[in-house]
Every structure is written in C-alpha cells, then in structure tokens.
file start_2.txt (compact mmCIF, C-alpha atoms)
# COMPACT_ATOMS: atom_id res chain seq x y z
CA MET Z 1493 127.13 -74.65 24.71
CA LEU Z 1494 125.25 -77.05 22.47
CA VAL Z 1495 121.52 -76.74 21.91
CA ARG Z 1496 119.55 -79.97 22.07
CA TRP Z 1497 116.58 -79.30 19.78
CA MET Z 1498 113.99 -82.03 20.41
CA GLY Z 1499 110.82 -80.39 19.02
CA ASP Z 1500 108.38 -77.64 19.97
CA ASP Z 1501 107.86 -76.56 23.59
CA PRO Z 1502 106.14 -79.60 25.17
CA SER Z 1503 104.27 -77.51 27.75
CA MET Z 1504 101.58 -76.30 25.30
CA THR Z 1505 98.05 -77.77 25.28
CA LYS Z 1506 97.61 -81.25 23.87
CA GLU Z 1507 95.76 -80.00 20.75
CA ASP Z 1508 98.38 -77.33 20.01
CA ARG Z 1509 101.09 -79.96 20.13
CA LEU Z 1510 99.89 -81.19 16.71
CA GLY Z 1511 101.11 -77.86 15.30
CA ILE Z 1512 104.53 -79.29 14.41
CA PHE Z 1513 102.90 -82.15 12.45
CA ILE Z 1514 100.63 -79.79 10.50
CA ARG Z 1515 103.62 -77.50 9.84
CA LYS Z 1516 105.51 -80.49 8.47
CA LEU Z 1517 102.68 -81.37 6.06
CA LEU Z 1518 102.34 -77.71 5.01
CA SER Z 1519 106.06 -77.60 4.20
CA HIS Z 1520 105.42 -79.80 1.18
CA SER Z 1521 101.66 -79.72 0.57
CA PRO Z 1522 98.99 -77.04 0.58
CA LEU Z 1523 96.12 -77.76 3.01
CA SER Z 1524 92.95 -75.76 3.55
CA ALA Z 1525 92.07 -74.42 7.01
CA ASP Z 1526 89.29 -77.00 7.06
CA ASP Z 1527 91.72 -79.88 6.38
CA GLN Z 1528 94.06 -78.58 9.09
CA GLN Z 1529 91.18 -78.37 11.58
CA ALA Z 1530 90.11 -81.91 10.70
CA ILE Z 1531 93.55 -83.17 11.77
CA ARG Z 1532 93.30 -81.22 15.04
CA ASP Z 1533 89.85 -82.72 15.71
CA LEU Z 1534 91.10 -86.30 15.38
CA PRO Z 1535 91.40 -88.15 18.71
CA PHE Z 1536 94.94 -89.11 19.73
CA SER Z 1537 96.96 -90.08 22.78
CA ILE Z 1538 100.46 -89.07 23.82
CA ARG Z 1539 102.95 -91.91 24.27
CA ARG Z 1540 106.44 -91.58 25.76
CA LEU Z 1541 109.25 -94.03 25.00
CA GLU Z 1542 112.88 -94.28 26.08
CA ALA Z 1543 115.79 -94.37 23.63
CA ASN Z 1544 116.06 -97.70 21.74
CA GLU Z 1545 112.49 -98.78 22.55
CA HIS Z 1546 110.58 -100.26 19.62
CA ILE Z 1547 107.73 -98.29 18.07
CA LEU Z 1548 106.99 -100.99 15.48
CA ARG Z 1549 108.67 -104.33 14.78
CA GLU Z 1550 109.36 -105.95 11.43
CA GLY Z 1551 106.54 -108.38 10.60
CA GLU Z 1552 103.93 -106.63 12.76
CA LYS Z 1553 100.66 -105.25 11.49
CA ALA Z 1554 100.25 -101.63 12.56
CA THR Z 1555 97.01 -100.55 14.22
CA VAL Z 1556 98.16 -97.02 15.04
CA CYS Z 1557 99.58 -94.09 13.11
CA PRO Z 1558 102.32 -92.47 15.25
CA VAL Z 1559 103.66 -88.94 14.73
CA LEU Z 1560 106.90 -87.79 16.32
CA LEU Z 1561 106.31 -84.72 18.53
CA GLN Z 1562 109.56 -84.81 20.51
CA GLY Z 1563 112.86 -86.53 19.86
CA TYR Z 1564 114.32 -88.59 17.02
CA ALA Z 1565 113.60 -92.07 15.66
CA TYR Z 1566 114.99 -94.39 13.00
CA ARG Z 1567 114.07 -97.29 10.77
CA GLN Z 1568 116.42 -100.24 10.77
CA LYS Z 1569 116.93 -103.60 9.14
CA THR Z 1570 119.36 -106.35 10.15
CA SER Z 1571 121.21 -108.97 8.14
CA ALA Z 1572 121.48 -112.65 9.08
CA ASP Z 1573 124.93 -112.16 10.63
CA GLY Z 1574 123.64 -109.40 12.91
CA GLY Z 1575 124.79 -106.42 10.85
CA ARG Z 1576 122.50 -103.46 11.40
CA GLN Z 1577 121.65 -100.80 8.84
CA ILE Z 1578 119.79 -97.65 9.81
CA VAL Z 1579 117.68 -96.98 6.70
CA ALA Z 1580 115.83 -93.79 7.68
CA LEU Z 1581 116.05 -91.03 10.26
CA LYS Z 1582 112.90 -89.30 11.49
CA ILE Z 1583 112.87 -85.90 13.17
CA PRO Z 1584 110.26 -84.03 15.25
CA GLY Z 1585 107.09 -83.36 13.24
CA ASP Z 1586 107.53 -86.45 11.04
CA ALA Z 1587 104.78 -89.02 10.65
CA LEU Z 1588 106.43 -92.37 11.37
CA ASP Z 1589 104.27 -94.87 9.54
CA PHE Z 1590 102.13 -93.47 6.74
CA GLN Z 1591 103.16 -96.61 4.85
CA SER Z 1592 100.89 -98.78 7.01
CA LEU Z 1593 97.87 -96.86 5.72
CA TYR Z 1594 98.48 -98.66 2.41
CA VAL Z 1595 100.48 -101.84 3.10
CA GLU Z 1596 99.66 -104.17 5.94
CA THR Z 1597 102.88 -105.59 7.33
CA ALA Z 1598 105.91 -103.65 8.60
CA ASP Z 1599 109.00 -104.52 6.51
CA HIS Z 1600 111.43 -102.92 8.97
CA SER Z 1601 111.69 -101.99 12.62
CA LEU Z 1602 111.05 -98.51 13.92
CA GLN Z 1603 112.88 -97.46 17.08
CA ALA Z 1604 113.37 -94.40 19.25
CA LEU Z 1605 116.84 -92.87 18.82
CA THR Z 1606 116.43 -90.54 21.80
CA PRO Z 1607 113.64 -90.39 24.37
CA VAL Z 1608 110.55 -89.58 22.30
CA GLU Z 1609 106.98 -88.36 22.64
CA LEU Z 1610 104.51 -89.59 20.05
CA ALA Z 1611 101.05 -88.46 19.07
CA VAL Z 1612 99.28 -91.76 18.42
CA PHE Z 1613 96.24 -91.82 16.11
CA SER Z 1614 94.20 -94.89 15.31
CA ILE Z 1615 95.04 -96.01 11.80
CA LYS Z 1616 91.30 -96.51 11.08
CA ASP Z 1617 90.56 -92.91 12.16
CA PHE Z 1618 93.34 -91.64 9.95
CA GLU Z 1619 92.08 -93.62 6.96
CA LYS Z 1620 88.57 -92.20 7.48
CA LEU Z 1621 90.01 -88.71 7.76
CA VAL Z 1622 91.98 -88.94 4.53
CA ALA Z 1623 89.46 -90.79 2.34
CA PRO Z 1624 87.10 -87.87 1.55
CA ARG Z 1625 89.88 -85.21 1.57
CA PRO Z 1626 91.98 -85.32 -1.63
CA ASN Z 1627 94.43 -82.62 -0.52
CA LEU Z 1628 95.12 -84.47 2.70
CA ALA Z 1629 95.50 -87.76 0.82
CA ARG Z 1630 97.93 -85.99 -1.51
CA ALA Z 1631 99.92 -84.63 1.46
CA VAL Z 1632 100.29 -88.19 2.81
CA LEU Z 1633 101.47 -89.37 -0.62
CA VAL Z 1634 103.98 -86.50 -0.98
CA ASP Z 1635 105.33 -87.25 2.50
CA ILE Z 1636 105.94 -90.87 1.46
CA LEU Z 1637 107.50 -89.75 -1.87
CA ILE Z 1638 109.92 -87.40 -0.12
CA GLU Z 1639 111.02 -90.18 2.23
CA ALA Z 1640 111.63 -92.35 -0.85
CA SER Z 1641 113.66 -89.52 -2.40
CA ILE Z 1642 115.76 -89.27 0.77
CA GLY Z 1643 116.23 -93.07 0.60
CA ARG Z 1644 117.56 -92.78 -2.97
CA GLU Z 1645 120.00 -90.09 -1.88
CA TRP Z 1646 121.18 -92.33 0.98
CA LEU Z 1647 121.72 -95.18 -1.49
CA LEU Z 1648 123.97 -92.92 -3.56
CA ASN Z 1649 125.65 -91.69 -0.39
CA ILE Z 1650 126.48 -95.15 0.95
CA GLY Z 1651 127.18 -96.74 -2.43
CA ARG Z 1652 129.31 -94.13 -4.09
CA ARG Z 1653 130.53 -91.29 -1.85
CA ASN Z 1654 133.75 -91.53 0.12
CA ALA Z 1655 133.63 -91.41 3.91
CA LEU Z 1656 134.27 -87.67 4.19
CA ALA Z 1657 131.63 -86.63 1.66
CA ARG Z 1658 129.27 -89.30 3.03
CA LEU Z 1659 129.34 -87.98 6.60
CA ALA Z 1660 129.33 -84.34 5.45
CA HIS Z 1661 126.26 -85.03 3.30
CA LEU Z 1662 124.32 -86.63 6.15
CA LEU Z 1663 125.14 -83.74 8.48
CA CYS Z 1664 123.98 -81.21 5.87
CA GLU Z 1665 120.72 -83.14 5.44
CA ILE Z 1666 119.99 -83.31 9.16
CA PHE Z 1667 120.71 -79.61 9.54
CA TYR Z 1668 118.47 -78.60 6.61
CA ARG Z 1669 115.62 -80.79 7.80
CA VAL Z 1670 115.81 -79.61 11.41
CA GLN Z 1671 116.20 -75.98 10.41
CA GLN Z 1672 113.11 -76.20 8.25
CA ILE Z 1673 110.80 -77.56 10.94
CA ALA Z 1674 112.23 -75.78 14.02
CA GLN Z 1675 110.76 -72.38 14.72
CA GLU Z 1676 114.01 -71.16 16.23
CA ASP Z 1677 117.65 -70.74 15.31
CA VAL Z 1678 119.25 -74.18 15.43
CA SER Z 1679 122.85 -73.22 14.63
CA GLY Z 1680 124.95 -75.01 17.24
CA PHE Z 1681 122.39 -77.76 17.73
CA GLU Z 1682 123.71 -81.08 18.93
CA LEU Z 1683 123.51 -83.97 16.47
CA PRO Z 1684 121.40 -86.72 18.01
CA LEU Z 1685 123.51 -89.66 16.75
CA THR Z 1686 126.42 -91.40 18.47
CA GLN Z 1687 129.50 -92.51 16.51
CA GLU Z 1688 128.23 -96.10 16.59
CA GLN Z 1689 124.86 -95.01 15.19
CA LEU Z 1690 126.56 -92.91 12.50
CA ALA Z 1691 128.56 -96.03 11.59
CA ASP Z 1692 125.38 -98.14 11.28
CA LEU Z 1693 123.72 -95.44 9.22
CA LEU Z 1694 126.63 -94.72 6.85
CA GLY Z 1695 127.94 -98.29 6.44
CA LEU Z 1696 131.35 -97.43 7.91
CA THR Z 1697 133.17 -98.86 10.92
CA PRO Z 1698 133.07 -96.80 14.15
CA VAL Z 1699 136.85 -96.38 13.90
CA HIS Z 1700 136.50 -94.95 10.40
CA ILE Z 1701 133.72 -92.61 11.60
CA ASN Z 1702 136.00 -91.32 14.34
CA ARG Z 1703 138.79 -90.58 11.87
CA THR Z 1704 136.36 -88.91 9.46
CA ILE Z 1705 134.97 -86.68 12.23
CA LYS Z 1706 138.56 -85.71 13.03
CA LEU Z 1707 139.15 -84.71 9.41
CA LEU Z 1708 135.92 -82.64 9.38
CA GLU Z 1709 136.98 -81.05 12.66
CA ASP Z 1710 140.43 -80.15 11.29
CA ALA Z 1711 138.74 -78.50 8.29
CA GLY Z 1712 136.51 -76.45 10.62
CA ALA Z 1713 133.37 -78.11 9.24
CA VAL Z 1714 132.23 -79.58 12.58
CA ARG Z 1715 132.93 -78.94 16.24
CA ARG Z 1716 133.20 -81.69 18.83
CA ILE Z 1717 132.50 -80.96 22.48
CA SER Z 1718 133.40 -84.02 24.56
CA ARG Z 1719 131.80 -86.72 22.36
CA ARG Z 1720 128.98 -84.54 21.04
CA LEU Z 1721 128.94 -83.11 17.57
CA THR Z 1722 127.68 -79.88 16.05
CA ILE Z 1723 128.09 -78.12 12.73
CA GLY Z 1724 130.96 -75.64 12.69
CA ASN Z 1725 130.70 -74.29 9.16
CA LEU Z 1726 127.81 -75.27 6.91
CA GLY Z 1727 129.46 -73.77 3.82
CA ILE Z 1728 132.51 -76.02 4.13
CA LEU Z 1729 130.30 -79.06 4.82
CA ARG Z 1730 128.16 -78.33 1.76
CA GLN Z 1731 131.24 -78.03 -0.38
CA MET Z 1732 132.73 -81.30 0.90
CA ALA Z 1733 129.44 -83.12 0.30
CA ASP Z 1734 128.59 -81.36 -2.97
CA PHE Z 1735 125.23 -80.94 -1.25
CA SER Z 1736 122.08 -79.84 -3.07
CA ASP Z 1737 118.77 -79.84 -1.17
CA LEU Z 1738 116.76 -80.56 -4.32
CA TYR Z 1739 115.94 -84.11 -3.13
CA LEU Z 1740 114.36 -82.77 0.06
CA HIS Z 1741 111.69 -81.05 -2.06
CA ARG Z 1742 111.43 -78.17 0.33
CA ASN Z 1743 109.86 -75.68 -2.06
CA THR Z 1744 107.14 -77.71 -3.70
CA VAL Z 1745 104.21 -75.83 -2.15
CA SER Z 1746 101.93 -74.11 -4.62
CA ALA Z 1747 98.79 -72.13 -3.78
CA VAL Z 1748 95.88 -73.92 -2.04
CA MET Q 943 135.62 -104.22 27.67
CA PRO Q 944 139.23 -103.47 26.68
CA ARG Q 945 139.96 -100.37 24.66
CA TYR Q 946 141.91 -100.55 21.40
CA PHE Q 947 143.57 -97.71 19.50
CA PHE Q 948 143.83 -97.78 15.71
CA HIS Q 949 146.76 -95.74 14.39
CA VAL Q 950 147.01 -95.22 10.64
CA CYS Q 951 150.45 -94.96 9.04
CA ASP Q 952 150.31 -94.06 5.36
CA GLY Q 953 153.46 -91.99 5.10
CA ALA Q 954 152.06 -89.67 7.75
CA GLN Q 955 151.04 -90.97 11.16
CA ASP Q 956 147.47 -90.52 12.30
CA ILE Q 957 147.38 -91.25 16.01
CA ASP Q 958 144.07 -92.46 17.46
CA ASP Q 959 143.79 -90.83 20.88
CA GLN Q 960 140.15 -91.83 21.47
CA GLY Q 961 140.18 -95.57 20.98
CA HIS Q 962 137.25 -97.98 20.78
CA GLU Q 963 135.93 -100.55 23.21
CA LEU Q 964 135.82 -104.02 21.71
CA PRO Q 965 135.28 -107.44 23.33
CA ASP Q 966 138.72 -108.96 22.53
CA ASP Q 967 141.73 -109.06 20.22
CA ASP Q 968 139.77 -111.01 17.61
CA ALA Q 969 137.08 -108.34 17.39
CA ALA Q 970 139.74 -105.62 17.22
CA ARG Q 971 141.58 -107.46 14.44
CA HIS Q 972 138.33 -107.81 12.53
CA GLU Q 973 137.66 -104.09 13.00
CA ALA Q 974 141.19 -103.17 11.85
CA VAL Q 975 140.84 -105.17 8.63
CA ARG Q 976 137.44 -103.63 7.87
CA TYR Q 977 138.82 -100.18 8.69
CA GLY Q 978 141.74 -100.67 6.31
CA GLY Q 979 139.35 -101.92 3.65
CA GLY Q 980 137.25 -98.79 4.12
CA LEU Q 981 140.27 -96.51 3.80
CA ILE Q 982 141.49 -98.23 0.63
CA HIS Q 983 137.97 -98.21 -0.81
CA ASP Q 984 137.81 -94.45 -0.21
CA ASP Q 985 141.20 -93.69 -1.66
CA PRO Q 986 143.00 -96.41 -3.67
CA SER Q 987 145.91 -94.02 -4.20
CA LEU Q 988 146.90 -94.68 -0.58
CA LEU Q 989 148.58 -97.82 -1.87
CA LEU Q 990 149.73 -96.44 -5.19
CA LYS Q 991 151.30 -93.37 -3.63
CA ASP Q 992 153.13 -94.84 -0.67
CA GLN Q 993 153.08 -98.55 -1.52
CA GLU Q 994 151.92 -99.36 1.99
CA LEU Q 995 149.12 -98.67 4.43
CA ARG Q 996 149.65 -99.87 7.96
CA ILE Q 997 147.20 -99.89 10.85
CA ASN Q 998 148.90 -100.36 14.20
CA VAL Q 999 146.52 -101.52 16.90
CA THR Q 1000 147.58 -100.83 20.47
CA ASN Q 1001 145.92 -101.59 23.79
CA ASN Q 1002 145.33 -99.34 26.79
CA ASP Q 1003 149.00 -99.71 27.86
CA GLY Q 1004 150.22 -98.45 24.49
CA GLN Q 1005 151.39 -101.97 23.64
CA LEU Q 1006 151.21 -103.01 19.97
CA ARG Q 1007 148.80 -105.98 19.80
CA PHE Q 1008 148.98 -106.44 16.05
CA ALA Q 1009 149.23 -104.55 12.78
CA VAL Q 1010 147.33 -104.84 9.52
CA VAL Q 1011 149.54 -104.05 6.55
CA MET Q 1012 148.22 -103.54 3.05
CA ILE Q 1013 150.76 -103.39 0.31
CA SER Q 1014 150.82 -103.23 -3.47
CA VAL Q 1015 153.70 -104.96 -5.21
CA ASP Q 1016 154.73 -104.62 -8.84
CA ALA Q 1017 156.11 -107.89 -10.11
CA ASP Q 1018 156.60 -109.73 -13.33
CA TRP Q 1019 153.62 -112.01 -12.82
CA ARG Q 1020 152.47 -114.38 -15.56
CA PRO Q 1021 149.68 -116.96 -15.78
CA ALA Q 1022 150.84 -120.49 -14.91
CA GLY Q 1023 152.15 -122.52 -17.80
CA THR Q 1024 153.42 -119.59 -19.85
CA ALA Q 1025 157.15 -119.35 -20.26
CA ARG Q 1026 158.93 -116.10 -19.67
CA HIS Q 1027 159.25 -115.32 -23.36
CA GLN Q 1028 155.56 -116.16 -24.11
CA LYS Q 1029 152.76 -113.66 -24.10
CA PRO Q 1030 149.69 -114.56 -21.96
CA ALA Q 1031 146.97 -116.27 -24.04
CA SER Q 1032 144.61 -113.31 -23.71
CA GLY Q 1033 147.34 -110.80 -24.52
CA ALA Q 1034 147.34 -108.88 -27.79
call {"tool": "encode", "arguments": {"input": "start_2.txt", "output": "structure tokens"}}
result
Amino acid sequence: MLVRWMGDDPSMTKEDRLGIFIRKLLSHSPLSADDQQAIRDLPFSIRRLEANEHILREGEKATVCPVLLQGYAYRQKTSADGGRQIVALKIPGDALDFQSLYVETADHSLQALTPVELAVFSIKDFEKLVAPRPNLARAVLVDILIEASIGREWLLNIGRRNALARLAHLLCEIFYRVQQIAQEDVSGFELPLTQEQLADLLGLTPVHINRTIKLLEDAGAVRRISRRLTIGNLGILRQMADFSDLYLHRNTVSAV
Amino acid sequence: MPRYFFHVCDGAQDIDDQGHELPDDDAARHEAVRYGGGLIHDDPSLLLKDQELRINVTNNDGQLRFAVVMISVDADWRPAGTARHQKPASGA
C-alpha cells in the first residue's frame, strides 16, 4: 500500500497549520521564539486549488505571498513551439514566491501539481514583518539561495546525466526533501508526478521515462504499483545517481 | 487517442507492454525519433557495439506501423575533389 504524504494533518487549528512553514524555515535558518510568533500572528487566508490550476502566471505582479500547506506545486516555463519545462518542484511547507518580495514581475508560471491548500499572506504584510527582523530576512534569503542551488543541480542533471542517473537523482532529491519536512516515516510514499510530468521535468520523452522506470524497477531501486511509483531501495538509487545531499543544505543551522 | 508501443531492438529486444497514447502516426513517428535520439545521447556505444539501434513502433493490434533505424557505417569517405590516393587537405 502506498502512502500519499500531502503535508501535516489538515484538521488542526488554522494558526497551528503554519507549523510546517516555520519548521521549513527552521530547517535552514535559526529563528528566535519571538520571530516564530511574529509569523504566527500575521493574518492569512486558506486557499484551495485543484491540480493544474495556476497560482501565479508569467508576467503577473504578485500581491500575495503563498505558502504550500498541503500538496505539491511546480514552476514551469514554455518555449515558442509549446515545449514545457518544469523548472522547480515545491513540496508541503515551502514558500512559493519569496522572489516577489524583491522583484516585481513573475518570470515563470506557478501551478498546482496535485490538489493544494495554500496559506496566503499579503505581500505587504510579509515585507513589513521581515523589514525589522534580520534573522527572518536572512531565512527568506537562505530559502531563495537553496532553491537556486537546487536549480543548479537540476541544470547539471538535465545537461549532463544520462536518463537512468537523471531520474534516480530526482527521486533521491524528492525523498530527502519530503523526509526532512514530514514528521512521520515516509518510506513507501507515492511520488506525486506522472510519467508525462517526469518527462517535462527531466527533458526526456515519456517513452524514454517509461523505459528508464523499467530499468530502475528491474534493479530493485523503485517499485511500481499500477502506474504509481515509490522508492524500493534508496541505497541503490543513491548509487545510480551518485547522489550527495550537500546542495540541499540541510545542516546549515547554527545556534540562534 | 490511439496507443502506440515502442519496442527497442539493440541486440536484445526490449518490449514495450505499456504503450503511449498519441494523436496519430505522425506524432508517434516524431516521438520515436526523439526517443532514439535520447537513447543514443545516453549511450553512444549502442551504435558502436551493435552497429544498429532499431525502434519498432506497433499499434494496438500489434501491427508494425513504422520503424526508426539508426546505424553507424564505416566507409572509406573522402572530401569531394580529392582523389583516392590524395590525403584530405586538413590531414597531416
């Protein structure tokens, strides 16, 4: 049986639901109790979207600062001939648009990968929150830097790794990121991407993705149940991908 | 949409039992060429080792619609205008 991890238990109180966001920031940046409380005190609304709905469109000016509480989202860009490239994957707890705190116009589209629930802050409120709080401002910066680091790794992945290592590397990354933020055992969790989405993310054709999954399956690295995918053996995957989690900067927290 | 199956023959036979839905033969042909390109890009020795990589594309009835064949050929090629006994201009 596959586990579909979509975030923390959604039945908790609205204020407690920000816990996953604060946990995410704390995973890379120290924040005082006061800074954490200031985030909790900020007004926000909960917004639900279906899979594939737009959160932000290329060319728009953002007025809100959304944080992913439940579900998965992605950034995408398209070429003139309609080719789509998924350029970032966001998981529960991730802030979706810290960039718009600093640059005005969205340079890509942001869409829900699965049904999602967002905590939506006003961008003005968030700016006012961060301005007098250097540790919070630093946490926002580090969050942006880590996404840039992941982007560099993806560039290497798509530009230089073969299909097997490329897919194995992505699966390792998703597992490490989800495992870090989830407060439960996520072994056997179902990967949220379809073969078509994997193709658009990894720059391969869907047919090639299918063959590559088969090779990973034969090696025992992944398991496929109907068309859904889970990790079978992380050790084998890591080896195939030559995976190091250095670029995820998971252990950068020093004392407050 | 019709379903197409992309079988890879590179010495061994890799049978596609899942298939992919594509609008028509043209789209499937396009996909097959890109797929072959991806395989060669990943592992150029596919052509060096077995001389040939073939992708057989069948439809739902198991009928072969077309094949994409990639082949490397060793031949005594020379730039135009050089006689058989001449070395190419750029040659040492």
call {"tool": "residues_near_point", "arguments": {"input": "start_2.txt", "point": "(148.5, -99.3, 8.5)", "cutoff": "8 Å", "atoms": "all atoms listed in the file", "output": "short mmCIF file (atom, residue, chain, number, x, y, z; two decimals) with C-alpha atoms, in the coordinates of the input"}}
result
data_model
loop_
_atom_site.label_atom_id
_atom_site.label_comp_id
_atom_site.auth_asym_id
_atom_site.auth_seq_id
_atom_site.Cartn_x
_atom_site.Cartn_y
_atom_site.Cartn_z
CA HIS Q 949 146.76 -95.74 14.39
CA VAL Q 950 147.01 -95.22 10.64
CA CYS Q 951 150.45 -94.96 9.04
CA ASP Q 952 150.31 -94.06 5.36
CA GLY Q 978 141.74 -100.67 6.31
CA GLU Q 994 151.92 -99.36 1.99
CA LEU Q 995 149.12 -98.67 4.43
CA ARG Q 996 149.65 -99.87 7.96
CA ILE Q 997 147.20 -99.89 10.85
CA ASN Q 998 148.90 -100.36 14.20
CA ALA Q 1009 149.23 -104.55 12.78
CA VAL Q 1010 147.33 -104.84 9.52
CA VAL Q 1011 149.54 -104.05 6.55
CA MET Q 1012 148.22 -103.54 3.05
#
call {"tool": "atom_distance", "arguments": {"input": "start_2.txt", "atom1": "atom CA of Pro1684 of chain Z", "atom2": "atom CA of Leu1721 of chain Z"}}
result
8.4 Å
call {"tool": "atom_distance", "arguments": {"input": "start_2.txt", "atom1": "atom CA of Ala1587 of chain Z", "atom2": "atom CA of Phe1513 of chain Z"}}
result
7.3 Å
call {"tool": "closest_residue", "arguments": {"input": "start_2.txt", "among": "Q:Ala974, Q:Leu989, Q:Val1015, Q:Val999", "to": "chain Z", "atoms": "all atoms listed in the file"}}
result
Q:Ala974
call {"tool": "closest_residue", "arguments": {"input": "start_2.txt", "among": "Q:His962, Q:Asp956, Q:Pro944, Q:Asn1002", "to": "Gln1687 of chain Z", "atoms": "only C-alpha atoms"}}
result
Q:His962
